[in-house]
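Just query-v8.txt here, compact mmCIF, C-alpha atoms:
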```txt
# COMPACT_ATOMS: atom_id res chain seq x y z
CA MET A 216 -0.57 16.01 -7.10
CA GLY A 217 0.78 12.73 -8.50
CA PRO A 218 3.86 13.79 -10.49
CA LEU A 219 3.18 11.41 -13.41
CA ALA A 220 -0.37 12.75 -13.63
CA THR A 221 1.01 16.29 -13.85
CA VAL A 222 3.31 15.24 -16.68
CA ASP A 223 0.38 13.51 -18.44
CA PHE A 224 -1.60 16.74 -18.14
CA MET A 225 1.25 18.81 -19.62
CA GLN A 226 1.67 16.34 -22.48
CA LYS A 227 -2.03 16.65 -23.27
CA ILE A 228 -1.80 20.44 -23.41
CA ILE A 229 1.22 20.20 -25.74
CA ALA A 230 -0.52 17.65 -27.98
CA LEU A 231 -3.69 19.78 -28.14
CA THR A 232 -1.78 22.91 -29.21
CA ALA A 233 -1.45 23.63 -32.92
CA ALA A 234 2.20 24.75 -32.84
CA SER A 235 4.89 24.68 -35.49
CA LYS A 236 7.67 25.95 -33.18
CA ASP A 237 8.49 26.37 -29.47
CA GLN A 238 7.17 29.90 -29.25
CA GLU A 239 3.63 28.88 -30.28
CA HIS A 240 3.23 26.45 -27.38
CA LEU A 241 1.40 27.47 -24.20
CA PRO A 242 3.51 29.05 -21.45
CA MET A 243 3.09 27.05 -18.23
CA LEU A 244 4.29 27.48 -14.70
CA VAL A 245 3.95 24.12 -12.99
CA HIS A 246 3.95 23.58 -9.24
CA ASN A 247 4.63 19.85 -9.20
CA VAL A 248 5.05 19.43 -5.45
CA PRO A 249 3.83 15.98 -4.39
CA GLN A 250 4.55 16.71 -0.71
CA ILE A 251 1.00 18.10 -0.41
CA PRO A 252 -0.69 15.94 2.30
CA ASP A 253 -2.77 13.00 0.97
CA ARG A 254 -6.16 14.37 -0.13
CA SER A 255 -7.94 11.02 0.18
CA ALA A 256 -6.65 10.30 3.69
CA CYS A 257 -7.84 13.73 4.86
CA ILE A 258 -11.39 13.38 3.46
CA LEU A 259 -11.81 9.75 4.60
CA GLU A 260 -9.88 9.65 7.87
CA GLY A 261 -9.53 13.28 8.90
CA SER A 262 -5.72 13.20 8.61
CA GLU A 263 -3.66 16.36 7.93
CA ASP A 264 -5.57 18.99 5.96
CA PRO A 265 -3.92 19.63 2.57
CA PHE A 266 -5.54 23.07 2.25
CA PRO A 267 -2.62 25.13 3.65
CA ALA A 268 -0.23 23.36 1.24
CA LEU A 269 -2.66 23.87 -1.67
CA LEU A 270 -2.85 27.56 -0.79
CA ARG A 271 0.97 27.80 -0.67
CA GLY A 272 1.02 26.22 -4.14
CA LEU A 273 -1.48 28.78 -5.42
CA ARG A 274 0.54 31.67 -3.94
CA SER A 275 3.77 30.30 -5.42
CA LEU A 276 2.17 30.25 -8.88
CA GLU A 277 0.68 33.74 -8.44
CA ARG A 278 4.06 35.13 -7.33
CA GLY A 279 5.69 33.34 -10.27
CA GLY A 280 3.40 35.23 -12.66
CA ALA A 281 0.66 32.71 -13.52
CA GLU A 282 -2.51 34.27 -14.96
CA CYS A 283 -4.88 31.30 -14.61
CA VAL A 284 -4.70 28.27 -12.31
CA VAL A 285 -5.88 24.69 -12.76
CA ILE A 286 -5.39 21.62 -10.55
CA PRO A 287 -4.81 18.32 -12.38
CA CYS A 288 -6.09 16.33 -9.37
CA ASN A 289 -9.78 15.49 -9.03
CA THR A 290 -9.75 14.73 -5.30
CA ALA A 291 -8.18 18.13 -4.56
CA HIS A 292 -11.30 19.72 -6.08
CA PHE A 293 -12.91 19.03 -2.70
CA TRP A 294 -11.11 22.29 -1.71
CA PHE A 295 -11.63 24.04 -5.08
CA GLU A 296 -14.24 26.60 -4.01
CA LYS A 297 -12.35 27.45 -0.84
CA LEU A 298 -9.14 27.94 -2.85
CA GLN A 299 -10.98 29.98 -5.46
CA LYS A 300 -12.06 32.43 -2.76
CA HIS A 301 -8.37 33.05 -1.99
CA ALA A 302 -7.23 33.23 -5.62
CA GLN A 303 -6.25 36.53 -7.21
CA ILE A 304 -6.42 35.00 -10.71
CA PRO A 305 -9.09 32.88 -12.47
CA MET A 306 -9.29 29.13 -11.84
CA ILE A 307 -10.82 26.45 -14.09
CA SER A 308 -12.51 23.47 -12.39
CA ILE A 309 -12.02 19.95 -13.74
CA LEU A 310 -15.55 19.12 -12.50
CA ASP A 311 -17.03 21.87 -14.68
CA CYS A 312 -15.16 20.51 -17.71
CA VAL A 313 -16.58 17.02 -17.16
CA GLN A 314 -20.10 18.35 -16.58
CA LYS A 315 -19.97 20.32 -19.82
CA HIS A 316 -18.84 17.20 -21.74
CA ILE A 317 -21.61 15.01 -20.27
CA ARG A 318 -24.24 17.62 -21.18
CA GLN A 319 -22.90 18.06 -24.71
CA HIS A 320 -22.97 14.30 -25.30
CA ARG A 321 -26.47 13.93 -23.72
CA LEU A 322 -25.40 10.83 -21.79
CA GLY A 323 -28.07 9.02 -19.79
CA LYS A 324 -26.06 6.63 -17.66
CA VAL A 325 -22.53 7.61 -16.61
CA GLY A 326 -19.97 5.54 -14.69
CA VAL A 327 -17.44 7.13 -12.35
CA MET A 328 -13.95 5.89 -11.57
CA ALA A 329 -12.28 7.98 -8.88
CA THR A 330 -10.56 7.82 -5.50
CA SER A 331 -12.66 6.56 -2.59
CA ALA A 332 -12.52 10.10 -1.22
CA THR A 333 -13.94 11.64 -4.40
CA VAL A 334 -16.67 8.98 -4.38
CA SER A 335 -17.34 9.43 -0.66
CA ALA A 336 -17.60 13.21 -1.10
CA VAL A 337 -20.19 12.53 -3.91
CA MET A 338 -18.37 15.08 -6.09
CA TYR A 339 -19.20 13.45 -9.42
CA GLN A 340 -22.44 11.74 -8.37
CA GLU A 341 -24.02 15.09 -7.45
CA LEU A 342 -22.91 16.74 -10.66
CA ILE A 343 -24.39 13.90 -12.76
CA GLU A 344 -27.61 13.26 -10.82
CA ASN A 345 -28.47 16.95 -10.44
CA ASP A 346 -28.59 16.99 -14.23
CA GLY A 347 -31.24 14.21 -14.16
CA ARG A 348 -28.84 11.48 -15.32
CA GLU A 349 -28.02 8.12 -13.74
CA CYS A 350 -24.63 7.67 -12.06
CA LEU A 351 -22.94 4.28 -11.60
CA ILE A 352 -20.14 3.87 -9.07
CA PRO A 353 -18.08 0.72 -8.35
CA ASP A 354 -19.32 -1.58 -5.57
CA GLN A 355 -17.18 -1.86 -2.44
CA ASP A 356 -14.80 -4.59 -3.70
CA MET A 357 -14.32 -2.82 -7.02
CA GLN A 358 -13.68 0.49 -5.24
CA THR A 359 -10.98 -1.19 -3.13
CA LEU A 360 -9.38 -2.46 -6.33
CA MET A 361 -9.70 1.04 -7.79
CA MET A 362 -7.72 2.59 -4.91
CA GLN A 363 -5.02 -0.08 -5.12
CA ALA A 364 -4.69 0.69 -8.84
CA ILE A 365 -4.34 4.44 -8.22
CA TYR A 366 -1.59 3.92 -5.66
CA ASP A 367 0.09 1.47 -8.08
CA ILE A 368 0.41 4.26 -10.66
CA LYS A 369 1.63 6.74 -8.04
CA ALA A 370 4.34 4.22 -7.05
CA GLY A 371 5.37 3.58 -10.66
CA ARG A 372 3.79 0.08 -10.97
CA LEU A 373 2.14 0.98 -14.27
CA GLU A 374 1.43 -2.53 -15.58
CA LEU A 375 -0.31 -3.74 -12.41
CA GLY A 376 -2.26 -0.51 -11.95
CA SER A 377 -3.39 -0.70 -15.55
CA GLN A 378 -4.69 -4.27 -15.23
CA ARG A 379 -6.63 -3.43 -12.06
CA MET A 380 -8.19 -0.32 -13.62
CA LYS A 381 -9.33 -2.32 -16.65
CA VAL A 382 -11.31 -4.67 -14.37
CA VAL A 383 -13.16 -1.75 -12.77
CA PHE A 384 -13.77 -0.07 -16.13
CA ASP A 385 -15.20 -3.26 -17.71
CA ASP A 386 -17.44 -3.83 -14.69
CA LEU A 387 -19.02 -0.37 -15.03
CA VAL A 388 -19.51 -0.78 -18.78
CA ASN A 389 -21.05 -4.25 -18.25
CA LYS A 390 -23.49 -2.70 -15.77
CA GLY A 391 -24.68 -0.31 -18.45
CA ALA A 392 -22.50 2.82 -18.30
CA GLU A 393 -22.56 4.52 -21.70
CA ALA A 394 -19.32 6.25 -20.77
CA VAL A 395 -17.09 6.33 -17.70
CA VAL A 396 -15.59 9.43 -16.07
CA LEU A 397 -11.85 8.83 -15.57
CA GLY A 398 -12.15 11.01 -12.48
CA CYS A 399 -8.67 10.72 -10.99
CA THR A 400 -5.65 11.95 -12.96
CA GLU A 401 -3.82 8.63 -12.46
CA ILE A 402 -6.60 6.78 -14.35
CA PRO A 403 -5.98 8.03 -17.92
CA ILE A 404 -2.35 6.94 -17.44
CA GLY A 405 -3.40 3.42 -16.44
CA LEU A 406 -6.15 3.24 -19.07
CA ALA A 407 -4.15 4.82 -21.93
CA GLU A 408 -4.88 1.84 -24.18
CA VAL A 409 -8.63 1.93 -23.47
CA VAL A 410 -8.74 5.68 -24.16
CA LYS A 411 -7.09 4.98 -27.51
CA THR A 412 -9.28 2.04 -28.55
CA SER A 413 -12.64 3.14 -27.04
CA PRO A 414 -12.51 6.94 -26.81
CA GLU A 415 -16.30 7.27 -26.87
CA GLN A 416 -16.56 5.24 -23.65
CA CYS A 417 -13.98 7.33 -21.80
CA ILE A 418 -14.53 10.75 -20.27
CA ASP A 419 -10.89 11.68 -19.72
CA ALA A 420 -11.13 14.47 -17.13
CA THR A 421 -7.43 15.33 -17.54
CA ALA A 422 -7.80 15.78 -21.31
CA LEU A 423 -10.93 17.93 -20.86
CA LEU A 424 -9.09 20.20 -18.41
CA ALA A 425 -6.12 20.45 -20.80
CA SER A 426 -8.48 21.40 -23.61
CA ALA A 427 -10.10 24.07 -21.43
CA CYS A 428 -6.63 25.53 -20.74
CA VAL A 429 -5.82 25.72 -24.44
CA ASP A 430 -9.18 27.44 -25.05
CA TRP A 431 -8.55 29.90 -22.20
CA TYR A 432 -5.12 30.76 -23.60
CA ASN A 433 -6.31 31.18 -27.20
CA GLN A 434 -9.17 33.44 -26.10
CA LYS A 435 -6.77 35.52 -24.01
CA GLU A 436 -4.36 35.85 -26.97
CA ALA A 437 -7.26 36.80 -29.24
CA ARG A 438 -8.31 39.52 -26.75
CA VAL A 439 -4.74 40.84 -26.58
CA ALA A 440 -4.52 40.89 -30.39
CA ALA A 441 -7.90 42.66 -30.76
CA MET B 127 12.69 25.50 -23.76
CA GLY B 128 10.95 22.96 -26.03
CA PRO B 129 7.86 21.94 -24.01
CA LEU B 130 8.13 18.22 -24.88
CA ALA B 131 11.78 18.27 -23.79
CA THR B 132 10.75 19.74 -20.45
CA VAL B 133 8.18 16.98 -19.99
CA ASP B 134 10.80 14.37 -20.95
CA PHE B 135 13.11 15.84 -18.30
CA MET B 136 10.39 15.72 -15.63
CA GLN B 137 9.55 12.11 -16.54
CA LYS B 138 13.22 11.18 -16.15
CA ILE B 139 13.35 12.72 -12.67
CA ILE B 140 10.18 10.83 -11.68
CA ALA B 141 11.51 7.53 -13.07
CA LEU B 142 14.86 8.01 -11.30
CA THR B 143 13.21 8.61 -7.91
CA ALA B 144 12.72 5.64 -5.61
CA ALA B 145 9.22 6.56 -4.41
CA SER B 146 6.37 4.41 -3.13
CA LYS B 147 3.89 7.30 -2.84
CA ASP B 148 3.33 10.88 -4.07
CA GLN B 149 5.01 12.50 -1.09
CA GLU B 150 8.37 10.80 -1.76
CA HIS B 151 8.70 12.29 -5.25
CA LEU B 152 10.82 15.42 -5.83
CA PRO B 153 9.05 18.76 -5.52
CA MET B 154 9.46 20.72 -8.76
CA LEU B 155 8.54 24.19 -9.87
CA VAL B 156 8.64 24.22 -13.65
CA HIS B 157 8.83 27.35 -15.80
CA ASN B 158 7.77 25.83 -19.12
CA VAL B 159 7.55 29.03 -21.13
CA PRO B 160 8.49 28.36 -24.75
CA GLN B 161 8.06 32.03 -25.69
CA ILE B 162 11.75 32.57 -24.79
CA PRO B 163 13.40 33.86 -28.02
CA ASP B 164 15.09 31.20 -30.17
CA ARG B 165 18.54 30.48 -28.68
CA SER B 166 19.97 29.11 -31.92
CA ALA B 167 18.84 32.06 -34.02
CA CYS B 168 20.45 34.49 -31.57
CA ILE B 169 23.84 32.73 -31.48
CA LEU B 170 23.97 32.14 -35.24
CA GLU B 171 22.24 35.20 -36.66
CA GLY B 172 22.31 37.73 -33.86
CA SER B 173 18.50 37.83 -33.57
CA GLU B 174 16.72 38.80 -30.33
CA ASP B 175 18.76 37.99 -27.21
CA PRO B 176 16.97 35.40 -25.03
CA PHE B 177 18.91 36.45 -21.91
CA PRO B 178 16.29 38.89 -20.51
CA ALA B 179 13.60 36.18 -20.89
CA LEU B 180 15.88 33.58 -19.29
CA LEU B 181 16.48 35.96 -16.39
CA ARG B 182 12.73 36.55 -16.00
CA GLY B 183 12.30 32.75 -15.86
CA LEU B 184 14.97 32.49 -13.17
CA ARG B 185 13.32 35.26 -11.13
CA SER B 186 9.89 33.66 -11.50
CA LEU B 187 11.26 30.39 -10.09
CA GLU B 188 13.11 32.17 -7.27
CA ARG B 189 9.96 34.10 -6.32
CA GLY B 190 7.99 30.86 -6.51
CA GLY B 191 10.30 29.32 -3.90
CA ALA B 192 12.71 27.17 -5.93
CA GLU B 193 15.94 26.24 -4.09
CA CYS B 194 18.02 25.04 -7.04
CA VAL B 195 17.67 25.79 -10.77
CA VAL B 196 18.47 23.71 -13.83
CA ILE B 197 17.82 24.39 -17.52
CA PRO B 198 16.81 21.38 -19.63
CA CYS B 199 18.07 23.07 -22.82
CA ASN B 200 21.67 22.65 -23.94
CA THR B 201 21.82 25.66 -26.26
CA ALA B 202 20.63 27.94 -23.46
CA HIS B 203 23.78 26.97 -21.56
CA PHE B 204 25.51 29.52 -23.76
CA TRP B 205 24.13 32.01 -21.19
CA PHE B 206 24.60 29.71 -18.16
CA GLU B 207 27.51 31.55 -16.51
CA LYS B 208 25.91 34.95 -17.03
CA LEU B 209 22.65 33.66 -15.52
CA GLN B 210 24.51 32.04 -12.64
CA LYS B 211 26.00 35.41 -11.72
CA HIS B 212 22.44 36.73 -11.30
CA ALA B 213 21.09 33.69 -9.45
CA GLN B 214 20.36 33.80 -5.73
CA ILE B 215 20.16 29.98 -5.56
CA PRO B 216 22.49 27.23 -6.83
CA MET B 217 22.35 26.13 -10.47
CA ILE B 218 23.47 22.79 -11.97
CA SER B 219 24.95 22.86 -15.49
CA ILE B 220 24.04 20.16 -18.02
CA LEU B 221 27.55 20.55 -19.51
CA ASP B 222 29.16 19.65 -16.18
CA CYS B 223 26.96 16.52 -15.94
CA VAL B 224 28.07 15.37 -19.39
CA GLN B 225 31.73 16.11 -18.68
CA LYS B 226 31.60 14.07 -15.46
CA HIS B 227 30.06 11.13 -17.35
CA ILE B 228 32.68 11.20 -20.12
CA ARG B 229 35.48 11.27 -17.54
CA GLN B 230 33.98 8.43 -15.50
CA HIS B 231 33.65 6.26 -18.62
CA ARG B 232 37.17 7.18 -19.85
CA LEU B 233 35.92 7.66 -23.40
CA GLY B 234 38.54 8.40 -26.08
CA LYS B 235 36.40 9.45 -29.04
CA VAL B 236 33.07 11.16 -28.41
CA GLY B 237 30.45 12.23 -30.96
CA VAL B 238 28.24 15.28 -30.41
CA MET B 239 24.71 15.77 -31.66
CA ALA B 240 23.43 19.26 -30.88
CA THR B 241 21.91 22.38 -32.42
CA SER B 242 24.05 24.22 -34.95
CA ALA B 243 24.34 27.01 -32.39
CA THR B 244 25.71 24.70 -29.69
CA VAL B 245 28.16 23.28 -32.24
CA SER B 246 29.12 26.74 -33.54
CA ALA B 247 29.73 27.97 -29.98
CA VAL B 248 32.02 24.90 -29.48
CA MET B 249 30.35 24.25 -26.13
CA TYR B 250 30.80 20.46 -26.15
CA GLN B 251 33.91 20.34 -28.35
CA GLU B 252 35.86 22.47 -25.87
CA LEU B 253 34.73 20.42 -22.89
CA ILE B 254 35.79 17.17 -24.60
CA GLU B 255 39.03 18.30 -26.23
CA ASN B 256 40.27 20.17 -23.16
CA ASP B 257 40.19 16.78 -21.44
CA GLY B 258 42.51 15.39 -24.13
CA ARG B 259 39.79 13.39 -25.91
CA GLU B 260 38.74 13.41 -29.55
CA CYS B 261 35.44 15.05 -30.50
CA LEU B 262 33.46 14.16 -33.61
CA ILE B 263 30.80 16.52 -34.95
CA PRO B 264 28.50 15.97 -37.96
CA ASP B 265 29.67 17.35 -41.32
CA GLN B 266 27.72 20.24 -42.81
CA ASP B 267 25.00 18.17 -44.56
CA MET B 268 24.49 16.01 -41.47
CA GLN B 269 24.29 19.11 -39.27
CA THR B 270 21.58 20.53 -41.55
CA LEU B 271 19.65 17.27 -41.17
CA MET B 272 20.22 17.47 -37.40
CA MET B 273 18.59 20.91 -37.18
CA GLN B 274 15.65 19.82 -39.32
CA ALA B 275 15.17 16.89 -36.96
CA ILE B 276 15.23 19.09 -33.84
CA TYR B 277 12.61 21.44 -35.29
CA ASP B 278 10.55 18.37 -36.30
CA ILE B 279 10.35 17.30 -32.66
CA LYS B 280 9.52 20.84 -31.50
CA ALA B 281 6.66 20.90 -34.04
CA GLY B 282 5.35 17.50 -32.96
CA ARG B 283 6.56 15.55 -36.05
CA LEU B 284 8.08 12.80 -33.87
CA GLU B 285 8.36 10.04 -36.48
CA LEU B 286 10.15 12.18 -39.06
CA GLY B 287 12.45 13.79 -36.49
CA SER B 288 13.31 10.37 -35.14
CA GLN B 289 14.28 8.99 -38.56
CA ARG B 290 16.47 11.99 -39.33
CA MET B 291 18.24 11.80 -35.97
CA LYS B 292 18.98 8.11 -36.47
CA VAL B 293 20.85 8.92 -39.70
CA VAL B 294 23.10 11.45 -37.92
CA PHE B 295 23.67 9.11 -34.96
CA ASP B 296 24.64 6.17 -37.19
CA ASP B 297 27.00 8.39 -39.18
CA LEU B 298 28.91 9.44 -36.04
CA VAL B 299 29.11 5.86 -34.76
CA ASN B 300 30.33 4.67 -38.19
CA LYS B 301 33.04 7.35 -38.05
CA GLY B 302 34.31 5.85 -34.81
CA ALA B 303 32.46 7.57 -31.94
CA GLU B 304 32.48 5.26 -28.90
CA ALA B 305 29.49 7.17 -27.59
CA VAL B 306 27.47 10.17 -28.74
CA VAL B 307 26.40 13.13 -26.61
CA LEU B 308 22.65 13.69 -27.13
CA GLY B 309 23.36 17.37 -26.56
CA CYS B 310 19.97 18.93 -27.27
CA THR B 311 16.99 18.00 -25.13
CA GLU B 312 14.86 17.18 -28.19
CA ILE B 313 17.32 14.40 -29.19
CA PRO B 314 16.61 11.81 -26.44
CA ILE B 315 12.92 12.13 -27.41
CA GLY B 316 13.68 11.38 -31.07
CA LEU B 317 16.23 8.68 -30.24
CA ALA B 318 14.22 7.02 -27.43
CA GLU B 319 14.50 3.63 -29.15
CA VAL B 320 18.28 3.93 -29.62
CA VAL B 321 18.72 4.95 -25.95
CA LYS B 322 16.80 1.80 -24.99
CA THR B 323 18.62 -0.62 -27.31
CA SER B 324 22.17 0.87 -27.20
CA PRO B 325 22.42 2.75 -23.89
CA GLU B 326 26.22 2.46 -23.80
CA GLN B 327 26.48 4.42 -27.06
CA CYS B 328 24.24 7.25 -25.85
CA ILE B 329 25.22 10.05 -23.49
CA ASP B 330 21.72 11.32 -22.69
CA ALA B 331 22.42 14.82 -21.36
CA THR B 332 18.81 15.20 -20.18
CA ALA B 333 18.98 11.98 -18.13
CA LEU B 334 22.32 13.01 -16.59
CA LEU B 335 20.87 16.38 -15.55
CA ALA B 336 17.80 14.63 -14.08
CA SER B 337 20.06 12.30 -12.14
CA ALA B 338 22.06 15.27 -10.80
CA CYS B 339 18.80 16.86 -9.60
CA VAL B 340 17.79 13.71 -7.74
CA ASP B 341 21.25 13.58 -6.12
CA TRP B 342 21.05 17.26 -5.16
CA TYR B 343 17.64 16.73 -3.56
CA ASN B 344 18.63 13.58 -1.69
CA GLN B 345 21.75 15.27 -0.30
CA LYS B 346 19.70 18.26 0.79
CA GLU B 347 17.15 16.01 2.51
CA ALA B 348 19.98 14.10 4.21
CA ARG B 349 21.44 17.41 5.48
CA VAL B 350 18.02 18.48 6.80
CA ALA B 351 17.56 15.11 8.53
CA ALA B 352 21.06 15.19 10.07
```
Would it be possible to restate this file's structure as structure tokens?
Amino acid sequence: MGPLATVDFMQKIIALTAASKDQEHLPMLVHNVPQIPDRSACILEGSEDPFPALLRGLRSLERGGAECVVIPCNTAHFWFEKLQKHAQIPMISILDCVQKHIRQHRLGKVGVMATSATVSAVMYQELIENDGRECLIPDQDMQTLMMQAIYDIKAGRLELGSQRMKVVFDDLVNKGAEAVVLGCTEIPIGLAEVVKTSPEQCIDATALLASACVDWYNQKEARVAA
Amino acid sequence: MGPLATVDFMQKIIALTAASKDQEHLPMLVHNVPQIPDRSACILEGSEDPFPALLRGLRSLERGGAECVVIPCNTAHFWFEKLQKHAQIPMISILDCVQKHIRQHRLGKVGVMATSATVSAVMYQELIENDGRECLIPDQDMQTLMMQAIYDIKAGRLELGSQRMKVVFDDLVNKGAEAVVLGCTEIPIGLAEVVKTSPEQCIDATALLASACVDWYNQKEARVAA
């Protein structure tokens, strides 16, 4: 829902595609409409429900000819199942992508950086603990810093947001997280340097969703060719 | 039509928007479908006509609820007027944005970097010379290098494409161009450093189109508020 996060997601799909010319890149229809009511404010304070706007976005993409829908916004996955029930085309969940990665890497102790709403709705904690793993979330002060950092990125204050995110990331690693879920699509933008230098410590949810899209597309093309 | 160019265009719109939170950013519906037949090959060699695919893109955006359409691809503007006749919503031409800029800056001698098809169709030359200004285009060898560089960027070879573009840019400036139209949306990606260090010598068509979109949106919002 953050426009820079959407662009980051598109860039990751492009970078993950083995293409030698335009026509080999993935076709995308992108509903980058940041007017969707604040997901965090709704979950935490009961402000305007973003679901009707999310559903309008889904319908716009379906009418536009999309064949598969993903949402590069972790907090919005609070409404994922409800949206999926209304969808006429398949949807891929960012939570499923992260869960698959954590299982594949047999991680024991996983940190989670996300919006206060995602944390409050225990979206990632449940997914990690139900698998018998330990989940570390920031304490209250760190979570406050986390939210400030996310809104920094949304407002274009990249440098400040990046510094704040690094503090939260280091704190989770110091407390024993083997890897940290970057569970809000603004976080891989702020932590781009950390993702580059310590990829094994970062679970970049945006990148995992992008990779799942490329896989979906390649499988579809293979089916069409068969 | 190049997916990286589309992302560059979106980033420019985001950077040009004075927004303190998601909801103040421009809503965009983006038809990033690089399967549209090669524009250059059609103009130069008479290969498959991209017009039907361009029209399908326009219809997809109209059905999806777009209220104004732009095409971040200079070569595709060969079909702009024909598309505009079919459009049910307003369209903004990248050529018009560049022409306005050249007039405002009262430039006498303007260089043009573009695809061989855009050059062959005299799209920018006409626009510049009809205003009584001088237009400089690359000689044949430089134009060959130019096309290689554009396809480098489309294939993800950013470093190589960038080096090749710099040679063509320097050649035009050495021949007396006061400023150079970056008249293919892959060029501002390759020449990002030059745009940063010598902005007065660069006429970044992508950035001018992005700026026109922000203006269009702000005027529309002002009308709605009035």
Atom-to-atom span, atom CA of Gly398 of chain A and atom CA of Asp419 of chain A, Å: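 Value for the atom CA of Gly398 of chain A-atom CA of Asp419 of chain A distance: 7.4 Å.
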What are the closest atom pairs, with distances in Å to one decimal, for each residue of chain B lying within 9 Å of chain A, using all atoms listed in the file, rows by chain and rising residue number, as JSON lines?
```
{"residue": "B:Met127", "atom": "CA", "partner": "A:Asp237", "partner_atom": "CA", "distance": 7.1}
{"residue": "B:Gly128", "atom": "CA", "partner": "A:Asp237", "partner_atom": "CA", "distance": 5.4}
{"residue": "B:Pro129", "atom": "CA", "partner": "A:Asp237", "partner_atom": "CA", "distance": 7.1}
{"residue": "B:Leu130", "atom": "CA", "partner": "A:Gln226", "partner_atom": "CA", "distance": 7.1}
{"residue": "B:Val133", "atom": "CA", "partner": "A:Val222", "partner_atom": "CA", "distance": 6.1}
{"residue": "B:Asp134", "atom": "CA", "partner": "A:Val222", "partner_atom": "CA", "distance": 8.7}
{"residue": "B:Met136", "atom": "CA", "partner": "A:Val222", "partner_atom": "CA", "distance": 7.2}
{"residue": "B:Gln137", "atom": "CA", "partner": "A:Val222", "partner_atom": "CA", "distance": 7.0}
{"residue": "B:Ile140", "atom": "CA", "partner": "A:Pro218", "partner_atom": "CA", "distance": 7.1}
{"residue": "B:Ala141", "atom": "CA", "partner": "A:Gly371", "partner_atom": "CA", "distance": 7.7}
{"residue": "B:Ala144", "atom": "CA", "partner": "A:Ala370", "partner_atom": "CA", "distance": 8.6}
{"residue": "B:Ala145", "atom": "CA", "partner": "A:Ala370", "partner_atom": "CA", "distance": 6.0}
{"residue": "B:Ser146", "atom": "CA", "partner": "A:Ala370", "partner_atom": "CA", "distance": 4.4}
{"residue": "B:Lys147", "atom": "CA", "partner": "A:Ala370", "partner_atom": "CA", "distance": 5.2}
{"residue": "B:Asp148", "atom": "CA", "partner": "A:Pro249", "partner_atom": "CA", "distance": 5.1}
{"residue": "B:Gln149", "atom": "CA", "partner": "A:Gln250", "partner_atom": "CA", "distance": 4.3}
{"residue": "B:Glu150", "atom": "CA", "partner": "A:Gln250", "partner_atom": "CA", "distance": 7.1}
{"residue": "B:His151", "atom": "CA", "partner": "A:Pro249", "partner_atom": "CA", "distance": 6.2}
{"residue": "B:Leu152", "atom": "CA", "partner": "A:Val248", "partner_atom": "CA", "distance": 7.0}
{"residue": "B:Pro153", "atom": "CA", "partner": "A:Val248", "partner_atom": "CA", "distance": 4.1}
{"residue": "B:Met154", "atom": "CA", "partner": "A:Asn247", "partner_atom": "CA", "distance": 4.9}
{"residue": "B:Leu155", "atom": "CA", "partner": "A:His246", "partner_atom": "CA", "distance": 4.7}
{"residue": "B:Val156", "atom": "CA", "partner": "A:Val245", "partner_atom": "CA", "distance": 4.7}
{"residue": "B:His157", "atom": "CA", "partner": "A:Leu244", "partner_atom": "CA", "distance": 4.7}
{"residue": "B:Asn158", "atom": "CA", "partner": "A:Met243", "partner_atom": "CA", "distance": 4.9}
{"residue": "B:Val159", "atom": "CA", "partner": "A:Pro242", "partner_atom": "CA", "distance": 4.1}
{"residue": "B:Pro160", "atom": "CA", "partner": "A:Gln238", "partner_atom": "CA", "distance": 4.9}
{"residue": "B:Gln161", "atom": "CA", "partner": "A:Gln238", "partner_atom": "CA", "distance": 4.2}
{"residue": "B:Ile162", "atom": "CA", "partner": "A:Gln238", "partner_atom": "CA", "distance": 6.9}
{"residue": "B:Pro163", "atom": "CA", "partner": "A:Gln238", "partner_atom": "CA", "distance": 7.5}
{"residue": "B:Asp164", "atom": "CA", "partner": "A:Gln238", "partner_atom": "CA", "distance": 8.1}
{"residue": "B:Gly183", "atom": "CA", "partner": "A:Gly279", "partner_atom": "CA", "distance": 8.7}
{"residue": "B:Arg185", "atom": "CA", "partner": "A:Gly279", "partner_atom": "CA", "distance": 7.9}
{"residue": "B:Ser186", "atom": "CA", "partner": "A:Gly279", "partner_atom": "CA", "distance": 4.4}
{"residue": "B:Leu187", "atom": "CA", "partner": "A:Gly279", "partner_atom": "CA", "distance": 6.3}
{"residue": "B:Glu188", "atom": "CA", "partner": "A:Gly279", "partner_atom": "CA", "distance": 8.1}
{"residue": "B:Arg189", "atom": "CA", "partner": "A:Gly279", "partner_atom": "CA", "distance": 5.9}
{"residue": "B:Gly190", "atom": "CA", "partner": "A:Ser275", "partner_atom": "CA", "distance": 4.4}
{"residue": "B:Gly191", "atom": "CA", "partner": "A:Ser275", "partner_atom": "CA", "distance": 6.8}
{"residue": "B:Tyr277", "atom": "CA", "partner": "A:Lys236", "partner_atom": "CA", "distance": 7.0}
{"residue": "B:Asp278", "atom": "CA", "partner": "A:Ser235", "partner_atom": "CA", "distance": 8.5}
{"residue": "B:Lys280", "atom": "CA", "partner": "A:Lys236", "partner_atom": "CA", "distance": 5.7}
{"residue": "B:Ala281", "atom": "CA", "partner": "A:Ser235", "partner_atom": "CA", "distance": 4.4}
{"residue": "B:Gly282", "atom": "CA", "partner": "A:Ser235", "partner_atom": "CA", "distance": 7.6}
```
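Here atom CA of Ala243 of chain B is placed at a distance of 6.8 Å from atom CA of Thr201 of chain B.
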Shell of 12 Å around Pro325 of chain B, only C-alpha atoms, local chain residues under 2 positions omitted, as number ranges by chain: B: 304-308, 314, 317-323, 327-330, 333
Distance in Å - atom CA of Ala268 of chain A versus atom CA of Leu360 of chain A: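 Going from atom CA of Ala268 of chain A over to atom CA of Leu360 of chain A, I get 28.4 Å.
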